[in-house]
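Visitor: Quick one: the structure is below, questions incoming.
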Amino acid sequence: MGPMNTSESPLVDQVRILVVDDHPNTATTLARALAQIGPSVEVVSAASGREALEKVKNKGVDILFTDMIMPEMTGLELIEKLQNHPGGRPAYTYLVTAYDVPGLKVTAQRLKVNEVIVKPVRPERICQIATQAMQEMNNVNLPAKSAAAGRKKFKILVADDRPDNVTLLVRYLEYEGYDQVIARDGMETLEKVHDEMPDLVLLDVNMPLKDGFSVLSDIRSDPSTNHIPVIILTAARLDPSDVQSGLNLGADDYVTKPFDRHELMARIRTKLRVKEAEDIIRRRNRELELLPEIGRELSARTDIKDLADVLLKRTVETLGAIQGNMLILQSGANARQNYQVSLSSSENLTHELDISESLIAHMKEDPQGLVVNNAFNNPLWQNDKNPFIGSAVIAPLNGRRELLGLLILTHEQEYYFNLDHLLLLQAIASQAAIAIENARLFADVAHEQKRLAAILRHAAEAILLFDKGGRLCLLNPAGEKLFMDFNTQINEPLPKDAGYESFAKILEEARTSKLSKSGEVTWPDKRTFVALITPIEDGGQVAILHDVTRFKDLEKVKNEFIATASHDLKNPLTTITGFSKMLEQAGPLNPQQHEFVKYIQSAAVNMNELVQNMMTLAQVDLDALQKHTTVDLPTLLTELADEFTPQAQKKEQTLKFAPLSAPVPVSGDPLQLRQLFRNLLGNAIKYTPSGGEIQFTAKTENAQVLIDVQDNGYGIPASDLPFIFDRFYRVRDGKASEVEGNGLGLAIVKSIVEQHNGQINVQSEMDKGTCFSVTLPVSGK
């Protein structure tokens, strides 16, 4: 054996990793992932070879990851330049390429590239490669006993029946920083393998009770131990056939005594590195199996508490944590909901976490997650005073628009969690966030369904839902009461020839126009409803029916009363007017009496106008006195222009009339049509000051006749325009409010226009005038 080397090299305190990729987003993503490996890692990223050389001009680089194809300088050229770098060549070099070009690996080997990585490659894989390189750097620079805090300490089983061999091997292993377990016969070796689950076994062949080959065979036949590497260490079985037998039984290496200590330790390190990589793969496989399992579990749950219990239990078990917490952020007074699962039977280790606001704010700003290696001195964790929590890993539950909460695992050991734990927890948190949003959506939908059901159940109006084919598919209890004459069939159209024709017509009109529509419909039992038809997205319709039968009856009674009362008032008004005129003939009147008579006559005229207007409205509402004939509109309009010209001249106004050039027949009641334009012309003269101008024009267009009455008078305020056609409405502001009137003239105009299937519009501007536009259909076109 060679002499023991007692010299110790310093541990690599800081590792500098250079990432070069001409896609800045890729370089930044890789740099962020590599920075999560630990505080001892400094990551430098660059988007080109020249930028990389500039950034590390006076610095050494330990690990290099570079893309092959880049502008100005390829990855191989960058590697070659860094080999002559003043700070020293990188200890580990990795070339990333999208194309496995023949000859590229040969060139890379010439430049001593450690590995050519073919895209696509995930950031997790780059982190694994960098972590393994750092471990190899530490193994070269320092025995394992000087490993950084929190790093796993390997356990090695020494199986040998000779005390001096055991003592020597234990000394070597202690120096390298390994834990040791000792077994002195074959049976004890098997017991220790199952009880201690060592990371590697140094196995002698000739041992009491059971020889090494039998022990090796038992280890390999047991699924729980067959992954443990075994190095046979023997001085007795040196024949090549023995070596072949040992390797065939599953030995990972075969070393004969006497051995070189450095060679043996190197072999041990090699096997442990392989085992560690395999352990990572096995753990990753277990973790990857967890994701679809959790996905299936979460998809079947709509209650957040049930969801949290399942998620936390599975995650805590798989990642080896002692406790898991899901913190759900909520709006309102109860701003948080904390769900917790603990696998520890100790009350000391079961602790309700107190999460700081600073940690929540940090997760909102940097939603990448966090590994707390030391829970006792981390400023984001110090709000929680549990002395039994040594480390934690936190992943945000990111919703589509906001942070939903945090997923937290804790462990009593410091430095327990690493980047792999965080990446897995992030994947789990993504699934959990989707499940939480789905659960909330399900709860909101269920709540809205209950509200909708309550509204439909208690609504006084009948509500009916029809599909795009016109079939009745939903109705509320009030709707069911409408159909007392036949058995309502869901998914069937309304029956024909059963008295629902007016309702079916308005449904069809709304369906054809794809617009909302309202109107009165008459039911088979003679009730009257106001129907509002609204289209919905799938092509169907919602119909709301409001029973207005009672109001229609009351309105009819009211109109009949107004018509009767107005008629009865005409006689006394005529008497008052007549006798007031005869007073002047009965004898001379003094000036004061003459003024009183004028007041009486003026009031009688106003009263007569009001009564006449009320009678007209009542007759329109009652559909009375409608004698529709063919009216020659140009003649009618000319007569009206001649009638109002003297009135305009009396106020020193100009009435300009532009008649129609040809006969235009209109179907209507000539008396009502005269009343319509008398009101409009009268208003124009009344609300235009002296010296003003009124334009009375007519023209035909698209089987319609358009008549405009435009003045340059006082104008109507914009706030009053929506209401000027309401009965008894008077403009409240401006000069127009100073003119006397009863507020019925325009209401009469609108009613007459509608009864003649026409339309009326108004445009007005204060102090500039008003224009009323009437559109009537031309008869016989």
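Following the order of the structure tokens, first chain is A, next is B, and so on, with residues numbered from 1 inside each chain and ligands from 1 in the order they appear.
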DSSP on the backbone: which residues in range 220-287 of chain A end up as alpha helix (DSSP H)? Give the answer as a ChimeraX atom specification.
Guide: /A:220-221,240-248,261-287
Visitor: What parts of range 218-382 of chain A does DSSP call strand (DSSP E)? I'd like the answer as a PyMOL selection string.
Guide: chain A and resi 230-234+253-256+323-329+336-342+370-372
Visitor: Could you name the residues that touch Val116 in chain A at 8 Å or less, counting only C-alpha atoms, but leaving out those on the same chain fewer than 3 positions away, as a ChimeraX atom specification?
Guide: /A:94-97,105,108,113
Visitor: Closest to Leu168 in chain A among A:Pro258, A:Leu746, A:Val597, A:Thr107, using only C-alpha atoms?
Guide: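 Of the candidates, the smallest distance to Leu168 in chain A is held by A:Pro258.
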Visitor: Could you work out how far CA of Leu407 in chain A lies from CA of Met134 in chain A, giving the answer in Å with one decimal?
Guide: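 Separation of CA of Met134 in chain A and CA of Leu407 in chain A: 29.7 Å.
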Visitor: Hey, which of A:Asp444, A:Asp199, A:Asp767, A:Asp669 ends up closest to Lys271 in chain A? Count only C-alpha atoms.
Guide: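 Using only C-alpha atoms, Lys271 in chain A sits closest to A:Asp199.
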Visitor: Return the single residue from A:Asp642, A:Val255, A:Asn373, A:Phe723 that is closest to Pro240 in chain A, with distances computed using only C-alpha atoms.
Guide: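 Ranking A:Asp642, A:Val255, A:Asn373, A:Phe723 by distance to Pro240 in chain A, first place goes to A:Val255.
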Visitor: Counting only C-alpha atoms, what is within 6 Å of range 42-53 of chain A, bar same-chain residues fewer than 4 positions away, as a short mmCIF file (atom, residue, chain, number, x, y, z; two decimals) with C-alpha atoms, in the first residue's frame?
Guide:
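Contents of out-v3.cif, as written:
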```cif
data_model
loop_
_atom_site.label_atom_id
_atom_site.label_comp_id
_atom_site.auth_asym_id
_atom_site.auth_seq_id
_atom_site.Cartn_x
_atom_site.Cartn_y
_atom_site.Cartn_z
CA ARG A 16 -18.60 30.49 -10.88
CA ILE A 17 -20.80 29.15 -13.68
CA LEU A 18 -20.88 30.81 -17.12
CA VAL A 19 -24.02 30.33 -19.26
CA VAL A 20 -23.85 31.48 -22.90
CA ASP A 21 -26.82 31.36 -25.29
CA ASP A 22 -27.79 33.78 -28.07
CA PRO A 24 -31.44 35.97 -23.85
CA ALA A 27 -29.72 32.22 -20.84
CA ALA A 31 -29.04 31.29 -14.90
CA LYS A 57 -12.17 39.05 -18.54
CA MET A 73 -18.34 33.10 -32.45
CA LEU A 78 -15.42 30.23 -27.18
#
```
Visitor: Please provide as a PDB file with C-alpha atoms, in the first residue's frame all residues within 9 Å of range 698-700 of chain A, with the sequence filter that same-chain residues fewer than 2 positions apart are discarded (counting only C-alpha atoms).
Guide:
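New file out.pdb:
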```
ATOM      1  CA  PRO A 634     -99.529  67.289 -50.202  1.00  0.00           C
ATOM      2  CA  LEU A 637     -99.883  69.956 -45.723  1.00  0.00           C
ATOM      3  CA  PHE A 657     -93.162  75.756 -46.866  1.00  0.00           C
ATOM      4  CA  ALA A 658     -91.577  73.305 -49.343  1.00  0.00           C
ATOM      5  CA  PRO A 659     -94.504  71.226 -50.685  1.00  0.00           C
ATOM      6  CA  LEU A 660     -94.337  67.783 -52.271  1.00  0.00           C
ATOM      7  CA  SER A 661     -94.081  67.946 -56.051  1.00  0.00           C
ATOM      8  CA  VAL A 664     -98.469  61.161 -52.117  1.00  0.00           C
ATOM      9  CA  PHE A 696     -92.129  73.180 -43.070  1.00  0.00           C
ATOM     10  CA  ASN A 702     -87.920  54.548 -49.893  1.00  0.00           C
ATOM     11  CA  ALA A 703     -91.743  54.234 -49.887  1.00  0.00           C
ATOM     12  CA  GLN A 704     -91.961  56.692 -47.000  1.00  0.00           C
ATOM     13  CA  VAL A 705     -92.762  60.374 -46.676  1.00  0.00           C
ATOM     14  CA  LEU A 706     -90.560  62.505 -44.384  1.00  0.00           C
ATOM     15  CA  ILE A 707     -92.021  65.722 -42.955  1.00  0.00           C
ATOM     16  CA  ASP A 708     -89.797  68.145 -40.996  1.00  0.00           C
ATOM     17  CA  VAL A 778     -96.820  55.759 -48.274  1.00  0.00           C
TER      18      VAL A 778
END
```
Visitor: For Gln180 in chain A, find every residue with an atom within 12 Å (counting only C-alpha atoms), except residues of its own chain fewer than 5 positions away, and show them as a list of chain:residue names.
Guide: A:Lys153, A:Phe154, A:Lys155, A:Ile156, A:Leu157, A:Val158, A:Ala159, A:Val166, A:Thr167, A:Leu169, A:Val170, A:Arg171, A:Tyr172, A:Leu173, A:Glu174, A:Tyr175, A:Lys192, A:Glu196, A:Met197, A:Pro198, A:Asp199, A:Leu200, A:Val201, A:Leu202
Visitor: Might you pull out every residue within 8 Å of Lys656 in chain A, with only C-alpha atoms counted and same-chain residues fewer than 6 positions away left off, and present them as a PyMOL selection string?
Guide: chain A and resi 693-696
Visitor: Save out the residues we just selected, N, CA and C atoms, as a tab-separated table (two decimals), in the first residue's frame.
Guide:
```tsv
chain	number	residue	atom	x	y	z
A	693	GLU	N	-87.79	82.05	-37.74
A	693	GLU	CA	-88.14	81.40	-39.01
A	693	GLU	C	-88.54	79.95	-38.73
A	694	ILE	N	-89.62	79.50	-39.39
A	694	ILE	CA	-90.07	78.09	-39.30
A	694	ILE	C	-90.05	77.52	-40.70
A	695	GLN	N	-89.42	76.33	-40.84
A	695	GLN	CA	-89.36	75.63	-42.12
A	695	GLN	C	-90.24	74.39	-42.03
A	696	PHE	N	-91.16	74.29	-43.01
A	696	PHE	CA	-92.13	73.18	-43.07
A	696	PHE	C	-91.88	72.48	-44.41
```
